[in-house]
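> I'd like to ask some things about the structure below.
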Amino acid sequence: MPETTVVEFLVTTLTGGAVGLVAGVFGVGGGFLLVPVLHVLLGVPVSTAVGAGTCQALGPSTTALLYRRPDRETLRLPFVLFGGLFVGVLFGGAAHAGTESAEHVVLVVYLVLLLVLAVFVILESWLSSRGRPLPRGWLRFVPIPPYGRFPDIAQPRLSLPVLVWFGLGVGYLSGLLGISGGLVLLPAMVYLFGVPAQDSVRCSLVVVWLVSVQATAVHAWNGNVDLWLVSALMLGGTVGARLGSAVGSRLGGTGLRLRFGILLLAAAGLVAFQLFRPTT
Amino acid sequence: MDVLWKLLWIVVCITVPVVWGVIVHAVFERLRSRPRDDEDSVLSDFQI
(Lines give C-alpha, C1' and ligand atoms only; values in the text may rest on other atoms or scores of the structure.)
Protein backbone atom coordinates (compact mmCIF):
# COMPACT_ATOMS: atom_id res chain seq x y z
CA MET A 1 0.00 0.00 0.00
CA PRO A 2 2.52 2.66 -1.07
CA GLU A 3 -0.15 5.35 -1.29
CA THR A 4 -0.92 5.02 2.42
CA THR A 5 -0.31 8.32 4.19
CA VAL A 6 0.75 8.80 7.78
CA VAL A 7 -2.73 10.12 8.57
CA GLU A 8 -4.39 7.00 7.13
CA PHE A 9 -2.01 4.81 9.13
CA LEU A 10 -2.82 6.72 12.33
CA VAL A 11 -6.58 6.60 11.69
CA THR A 12 -6.38 2.84 11.07
CA THR A 13 -4.26 2.39 14.22
CA LEU A 14 -6.83 4.30 16.27
CA THR A 15 -9.63 2.26 14.72
CA GLY A 16 -7.78 -0.95 15.57
CA GLY A 17 -7.28 0.40 19.09
CA ALA A 18 -10.99 1.16 19.50
CA VAL A 19 -12.01 -2.29 18.23
CA GLY A 20 -9.33 -3.90 20.44
CA LEU A 21 -10.62 -1.95 23.45
CA VAL A 22 -14.19 -3.16 22.94
CA ALA A 23 -12.99 -6.71 22.21
CA GLY A 24 -10.79 -6.65 25.32
CA VAL A 25 -13.69 -5.59 27.53
CA PHE A 26 -15.71 -8.64 26.45
CA GLY A 27 -12.74 -11.03 26.07
CA VAL A 28 -13.36 -11.75 22.38
CA GLY A 29 -11.18 -11.47 19.30
CA GLY A 30 -13.05 -8.59 17.70
CA GLY A 31 -12.80 -9.80 14.09
CA PHE A 32 -16.61 -9.65 13.78
CA LEU A 33 -16.42 -5.91 14.55
CA LEU A 34 -13.31 -5.11 12.56
CA VAL A 35 -14.55 -5.93 9.07
CA PRO A 36 -17.82 -3.91 9.33
CA VAL A 37 -15.97 -0.96 10.88
CA LEU A 38 -13.19 -0.99 8.26
CA HIS A 39 -15.66 -1.27 5.39
CA VAL A 40 -18.49 0.99 6.55
CA LEU A 41 -16.57 3.69 8.44
CA LEU A 42 -13.19 3.75 6.63
CA GLY A 43 -14.37 2.69 3.17
CA VAL A 44 -11.94 -0.23 2.89
CA PRO A 45 -13.11 -2.76 0.25
CA VAL A 46 -14.72 -5.85 1.80
CA SER A 47 -12.11 -8.30 0.43
CA THR A 48 -9.23 -6.17 1.77
CA ALA A 49 -10.98 -5.75 5.14
CA VAL A 50 -11.56 -9.51 5.36
CA GLY A 51 -7.91 -10.23 4.42
CA ALA A 52 -6.64 -7.71 6.99
CA GLY A 53 -9.00 -9.02 9.69
CA THR A 54 -7.83 -12.59 9.12
CA CYS A 55 -4.12 -11.73 9.01
CA GLN A 56 -4.12 -9.47 12.07
CA ALA A 57 -5.99 -12.14 14.09
CA LEU A 58 -2.86 -14.28 13.82
CA GLY A 59 -0.96 -11.87 16.13
CA PRO A 60 -3.22 -12.02 19.22
CA SER A 61 -4.01 -15.70 18.67
CA THR A 62 -0.26 -16.48 18.68
CA THR A 63 0.11 -14.54 21.94
CA ALA A 64 -2.88 -16.37 23.48
CA LEU A 65 -1.56 -19.76 22.38
CA LEU A 66 1.90 -19.09 23.84
CA TYR A 67 0.31 -17.90 27.08
CA ARG A 68 -2.03 -20.87 27.55
CA ARG A 69 0.28 -23.56 26.08
CA PRO A 70 -2.34 -26.30 25.50
CA ASP A 71 -1.21 -29.85 26.25
CA ARG A 72 -1.27 -32.74 23.79
CA GLU A 73 -4.67 -34.03 24.95
CA THR A 74 -6.27 -30.66 24.22
CA LEU A 75 -5.11 -30.90 20.59
CA ARG A 76 -7.20 -33.98 19.79
CA LEU A 77 -10.56 -32.26 19.21
CA PRO A 78 -9.11 -29.29 17.24
CA PHE A 79 -7.29 -31.68 14.89
CA VAL A 80 -10.50 -33.63 14.25
CA LEU A 81 -12.32 -30.36 13.55
CA PHE A 82 -9.51 -29.19 11.30
CA GLY A 83 -10.46 -31.73 8.61
CA GLY A 84 -13.65 -29.77 7.96
CA LEU A 85 -12.15 -26.39 8.79
CA PHE A 86 -9.43 -26.79 6.13
CA VAL A 87 -11.91 -27.36 3.30
CA GLY A 88 -14.33 -24.73 4.65
CA VAL A 89 -11.68 -21.98 4.73
CA LEU A 90 -10.65 -22.81 1.14
CA PHE A 91 -14.26 -22.47 -0.10
CA GLY A 92 -14.96 -19.37 2.01
CA GLY A 93 -11.79 -17.63 0.82
CA ALA A 94 -12.45 -18.58 -2.80
CA ALA A 95 -15.89 -16.92 -2.62
CA HIS A 96 -14.07 -13.56 -2.65
CA ALA A 97 -12.45 -14.19 -6.01
CA GLY A 98 -13.24 -11.09 -7.92
CA THR A 99 -17.02 -11.07 -8.34
CA GLU A 100 -19.02 -7.89 -7.70
CA SER A 101 -21.75 -9.76 -5.85
CA ALA A 102 -19.22 -11.27 -3.39
CA GLU A 103 -19.20 -8.04 -1.37
CA HIS A 104 -23.00 -8.08 -1.07
CA VAL A 105 -23.02 -11.77 -0.12
CA VAL A 106 -20.39 -11.19 2.60
CA LEU A 107 -22.42 -8.35 4.12
CA VAL A 108 -25.68 -10.33 4.04
CA VAL A 109 -24.03 -13.34 5.72
CA TYR A 110 -22.49 -10.96 8.28
CA LEU A 111 -25.88 -9.44 9.03
CA VAL A 112 -27.58 -12.82 9.48
CA LEU A 113 -24.75 -14.22 11.64
CA LEU A 114 -24.58 -11.16 13.89
CA LEU A 115 -28.37 -11.10 14.34
CA VAL A 116 -28.54 -14.83 15.16
CA LEU A 117 -25.66 -14.54 17.65
CA ALA A 118 -27.14 -11.38 19.21
CA VAL A 119 -30.53 -13.04 19.74
CA PHE A 120 -28.85 -16.15 21.14
CA VAL A 121 -26.59 -14.21 23.55
CA ILE A 122 -29.43 -11.98 24.79
CA LEU A 123 -31.80 -14.96 25.19
CA GLU A 124 -29.14 -16.99 26.99
CA SER A 125 -28.31 -14.07 29.29
CA TRP A 126 -32.00 -13.43 30.05
CA LEU A 127 -32.75 -17.10 30.79
CA SER A 128 -29.64 -17.43 32.99
CA SER A 129 -30.64 -14.36 35.00
CA ARG A 130 -34.03 -16.02 35.64
CA GLY A 131 -32.35 -19.21 36.85
CA ARG A 132 -33.29 -21.24 33.76
CA PRO A 133 -30.05 -21.76 31.78
CA LEU A 134 -30.28 -23.22 28.28
CA PRO A 135 -29.69 -26.98 28.02
CA ARG A 136 -26.24 -28.02 26.70
CA GLY A 137 -25.02 -30.73 24.34
CA TRP A 138 -27.82 -30.66 21.73
CA LEU A 139 -25.73 -32.69 19.24
CA ARG A 140 -23.98 -34.85 21.80
CA PHE A 141 -26.00 -37.98 21.11
CA VAL A 142 -26.40 -37.80 17.32
CA PRO A 143 -26.17 -41.48 16.27
CA ILE A 144 -23.94 -41.12 13.17
CA PRO A 145 -20.85 -43.39 13.35
CA PRO A 146 -17.88 -43.46 13.49
CA TYR A 147 -17.39 -41.90 16.88
CA GLY A 148 -14.36 -40.23 18.45
CA ARG A 149 -13.54 -40.55 22.12
CA PHE A 150 -12.47 -37.41 23.99
CA PRO A 151 -12.15 -38.46 27.65
CA ASP A 152 -10.11 -35.34 28.48
CA ILE A 153 -13.07 -33.06 27.73
CA ALA A 154 -15.57 -35.02 29.83
CA GLN A 155 -17.45 -36.36 26.80
CA PRO A 156 -17.72 -40.11 26.37
CA ARG A 157 -17.91 -39.91 22.57
CA LEU A 158 -18.88 -37.54 19.75
CA SER A 159 -19.92 -38.31 16.18
CA LEU A 160 -16.93 -37.64 13.89
CA PRO A 161 -19.04 -36.80 10.77
CA VAL A 162 -21.00 -34.22 12.79
CA LEU A 163 -17.74 -32.68 14.07
CA VAL A 164 -16.27 -32.53 10.56
CA TRP A 165 -19.41 -30.94 9.05
CA PHE A 166 -19.47 -28.47 11.92
CA GLY A 167 -15.82 -27.64 11.22
CA LEU A 168 -16.66 -27.17 7.55
CA GLY A 169 -19.32 -24.60 8.43
CA VAL A 170 -17.10 -22.68 10.85
CA GLY A 171 -14.21 -22.76 8.35
CA TYR A 172 -16.43 -21.45 5.55
CA LEU A 173 -17.62 -18.54 7.72
CA SER A 174 -14.03 -17.78 8.74
CA GLY A 175 -12.76 -17.76 5.16
CA LEU A 176 -15.74 -15.74 3.91
CA LEU A 177 -16.07 -13.20 6.72
CA GLY A 178 -12.50 -12.82 8.00
CA ILE A 179 -13.44 -13.79 11.54
CA SER A 180 -11.11 -16.17 13.32
CA GLY A 181 -14.02 -18.38 14.31
CA GLY A 182 -13.93 -18.13 18.10
CA LEU A 183 -17.17 -16.15 18.17
CA VAL A 184 -19.05 -19.06 16.59
CA LEU A 185 -16.91 -21.87 17.92
CA LEU A 186 -17.06 -21.16 21.65
CA PRO A 187 -20.86 -21.08 22.15
CA ALA A 188 -21.29 -23.88 19.61
CA MET A 189 -18.88 -26.21 21.43
CA VAL A 190 -20.58 -25.49 24.74
CA TYR A 191 -24.20 -25.70 23.59
CA LEU A 192 -24.01 -28.13 20.63
CA PHE A 193 -21.44 -30.60 21.96
CA GLY A 194 -21.66 -30.03 25.70
CA VAL A 195 -17.92 -29.34 26.04
CA PRO A 196 -17.16 -27.60 29.37
CA ALA A 197 -16.45 -23.88 28.97
CA GLN A 198 -12.78 -24.07 30.06
CA ASP A 199 -12.06 -26.90 27.60
CA SER A 200 -13.91 -24.98 24.87
CA VAL A 201 -11.62 -21.99 25.40
CA ARG A 202 -8.48 -24.13 25.17
CA CYS A 203 -9.72 -25.98 22.06
CA SER A 204 -10.91 -22.82 20.33
CA LEU A 205 -7.51 -21.15 20.86
CA VAL A 206 -5.87 -23.92 18.85
CA VAL A 207 -8.60 -23.88 16.20
CA VAL A 208 -8.48 -20.09 15.86
CA TRP A 209 -4.71 -20.18 15.32
CA LEU A 210 -4.93 -22.95 12.72
CA VAL A 211 -7.79 -21.20 10.90
CA SER A 212 -5.99 -17.85 11.00
CA VAL A 213 -2.85 -19.33 9.43
CA GLN A 214 -4.77 -21.05 6.67
CA ALA A 215 -7.16 -18.16 5.98
CA THR A 216 -4.21 -15.74 5.85
CA ALA A 217 -2.54 -18.00 3.28
CA VAL A 218 -5.72 -18.15 1.18
CA HIS A 219 -6.29 -14.38 1.28
CA ALA A 220 -2.58 -13.64 0.65
CA TRP A 221 -2.73 -15.92 -2.40
CA ASN A 222 -5.81 -14.01 -3.64
CA GLY A 223 -4.04 -10.65 -3.07
CA ASN A 224 -6.38 -9.50 -0.29
CA VAL A 225 -3.77 -8.87 2.42
CA ASP A 226 -2.49 -5.31 2.88
CA LEU A 227 0.39 -5.52 5.37
CA TRP A 228 0.33 -1.77 6.16
CA LEU A 229 -3.30 -2.07 7.16
CA VAL A 230 -2.54 -5.23 9.16
CA SER A 231 0.41 -3.56 10.95
CA ALA A 232 -1.69 -0.54 11.92
CA LEU A 233 -4.48 -2.76 13.21
CA MET A 234 -2.13 -4.97 15.24
CA LEU A 235 -0.39 -1.96 16.74
CA GLY A 236 -3.64 -0.29 17.84
CA GLY A 237 -5.38 -3.57 18.64
CA THR A 238 -2.68 -4.77 21.06
CA VAL A 239 -2.79 -1.57 23.12
CA GLY A 240 -6.60 -1.38 22.95
CA ALA A 241 -7.11 -5.01 23.95
CA ARG A 242 -4.76 -4.58 26.92
CA LEU A 243 -6.72 -1.55 28.14
CA GLY A 244 -10.03 -3.26 27.39
CA SER A 245 -9.22 -6.38 29.39
CA ALA A 246 -8.30 -4.16 32.38
CA VAL A 247 -11.65 -2.37 32.05
CA GLY A 248 -13.52 -5.66 31.53
CA SER A 249 -12.07 -7.27 34.65
CA ARG A 250 -13.36 -4.30 36.68
CA LEU A 251 -16.82 -4.41 35.09
CA GLY A 252 -17.34 -8.16 35.45
CA GLY A 253 -20.80 -9.12 36.65
CA THR A 254 -23.78 -10.77 35.07
CA GLY A 255 -24.69 -7.94 32.71
CA LEU A 256 -21.57 -8.41 30.58
CA ARG A 257 -23.16 -10.99 28.28
CA LEU A 258 -26.26 -8.83 27.82
CA ARG A 259 -24.05 -5.87 26.88
CA PHE A 260 -22.18 -8.14 24.47
CA GLY A 261 -25.50 -9.06 22.84
CA ILE A 262 -26.28 -5.37 22.44
CA LEU A 263 -22.81 -4.86 20.91
CA LEU A 264 -23.58 -7.61 18.39
CA LEU A 265 -26.88 -5.88 17.57
CA ALA A 266 -25.00 -2.59 17.04
CA ALA A 267 -22.53 -4.32 14.69
CA ALA A 268 -25.49 -5.82 12.81
CA GLY A 269 -27.01 -2.33 12.57
CA LEU A 270 -23.77 -1.03 11.02
CA VAL A 271 -23.85 -3.78 8.39
CA ALA A 272 -27.58 -3.21 7.73
CA PHE A 273 -26.92 0.52 7.26
CA GLN A 274 -24.30 -0.28 4.61
CA LEU A 275 -26.56 -2.82 2.89
CA PHE A 276 -29.73 -0.78 2.75
CA ARG A 277 -28.53 2.81 2.44
CA PRO A 278 -29.60 4.43 -0.82
CA THR A 279 -26.81 4.62 -3.41
CA THR A 280 -26.28 7.99 -5.05
CA MET B 1 7.60 -16.96 -11.22
CA ASP B 2 4.24 -15.49 -10.27
CA VAL B 3 3.52 -18.57 -8.18
CA LEU B 4 6.87 -18.22 -6.39
CA TRP B 5 6.13 -14.57 -5.52
CA LYS B 6 2.70 -15.56 -4.24
CA LEU B 7 4.20 -18.30 -2.05
CA LEU B 8 6.80 -15.86 -0.72
CA TRP B 9 4.03 -13.33 -0.01
CA ILE B 10 2.09 -15.99 1.93
CA VAL B 11 5.17 -16.71 4.06
CA VAL B 12 5.64 -12.98 4.75
CA CYS B 13 1.93 -12.46 5.59
CA ILE B 14 2.00 -15.34 8.07
CA THR B 15 5.40 -14.50 9.55
CA VAL B 16 4.73 -10.82 10.32
CA PRO B 17 1.71 -11.34 12.66
CA VAL B 18 3.22 -14.47 14.23
CA VAL B 19 6.46 -12.60 15.06
CA TRP B 20 4.34 -9.71 16.39
CA GLY B 21 2.42 -12.15 18.60
CA VAL B 22 5.65 -13.70 19.92
CA ILE B 23 7.12 -10.26 20.71
CA VAL B 24 3.91 -9.15 22.50
CA HIS B 25 3.92 -12.38 24.52
CA ALA B 26 7.57 -11.88 25.47
CA VAL B 27 6.94 -8.27 26.53
CA PHE B 28 3.90 -9.19 28.63
CA GLU B 29 5.76 -12.08 30.26
CA ARG B 30 8.61 -9.72 31.13
CA LEU B 31 6.20 -7.17 32.59
CA ARG B 32 4.46 -9.87 34.61
CA SER B 33 7.68 -11.25 36.10
CA ARG B 34 9.23 -7.84 36.80
CA PRO B 35 10.16 -7.43 40.49
CA ARG B 36 8.52 -4.66 42.53
CA ASP B 37 10.09 -1.27 42.12
CA ASP B 38 11.30 0.98 44.91
CA GLU B 39 7.96 2.75 45.29
CA ASP B 40 6.19 -0.54 46.05
CA SER B 41 8.85 -1.40 48.63
CA VAL B 42 8.39 1.95 50.36
CA LEU B 43 4.63 1.44 50.44
CA SER B 44 5.00 -2.03 51.89
CA ASP B 45 7.37 -0.63 54.52
CA PHE B 46 4.69 1.85 55.52
CA GLN B 47 2.11 -0.94 55.78
CA ILE B 48 4.39 -2.87 58.12
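How things are named: the first chain in the C-alpha coordinates is A, the next is B, and so on; residues count from 1 in each chain; ligands count from 1 in the order shown.
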Report as CSV the residues of chain A within 8 Å of chain B, each with its shortest atom pair and distance in Å (one decimal), using only C-alpha atoms, ordered by chain and increasing residue number.

```
residue,atom,partner,partner_atom,distance
A:Cys55,CA,B:Pro17,CA,6.9
A:Gln56,CA,B:Pro17,CA,6.2
A:Ala57,CA,B:Pro17,CA,7.9
A:Leu58,CA,B:Pro17,CA,5.6
A:Gly59,CA,B:Gly21,CA,4.2
A:Pro60,CA,B:Gly21,CA,5.7
A:Ser61,CA,B:Gly21,CA,7.3
A:Thr62,CA,B:Gly21,CA,5.1
A:Thr63,CA,B:Gly21,CA,4.7
A:Ala64,CA,B:His25,CA,7.9
A:Leu66,CA,B:His25,CA,7.0
A:Tyr67,CA,B:His25,CA,7.1
A:Val213,CA,B:Ile14,CA,6.4
A:Thr216,CA,B:Ile14,CA,6.6
A:Ala217,CA,B:Ile10,CA,5.2
A:Ala220,CA,B:Ile10,CA,5.4
A:Trp221,CA,B:Lys6,CA,5.7
A:Val225,CA,B:Cys13,CA,7.4
A:Leu227,CA,B:Cys13,CA,7.1
A:Met234,CA,B:Pro17,CA,7.9
```
> So that each row is one residue of segment 139-192 of chain A with an atom at most 9 Å from segment 43-47 of chain A, can you give its shortest atom pair and the distance in Å to one decimal, using only C-alpha atoms, rows by chain and rising number, as CSV?

```
residue,atom,partner,partner_atom,distance
A:Leu176,CA,A:Ser47,CA,9.0
A:Leu177,CA,A:Ser47,CA,8.9
A:Gly178,CA,A:Ser47,CA,8.8
```
> Restricting the calculation to only C-alpha atoms, which member of A:Leu113, A:Leu205, A:Leu229, A:Leu10 is positioned closest to Leu173 of chain A?
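The answer is A:Leu113, which sits nearest to Leu173 of chain A.
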> How far is it from atom CA of Gly255 of chain A to atom CA of Leu41 of chain A, in Å with one decimal?
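Between atom CA of Gly255 of chain A and atom CA of Leu41 of chain A the gap is 28.1 Å.
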> Can you work out which one of A:Val184, A:Leu233, A:Leu75, A:Val211 has the shortest atom-to-atom distance to Leu14 of chain A, counting only C-alpha atoms?
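With only C-alpha atoms as the atom set, the closest residue is A:Leu233.
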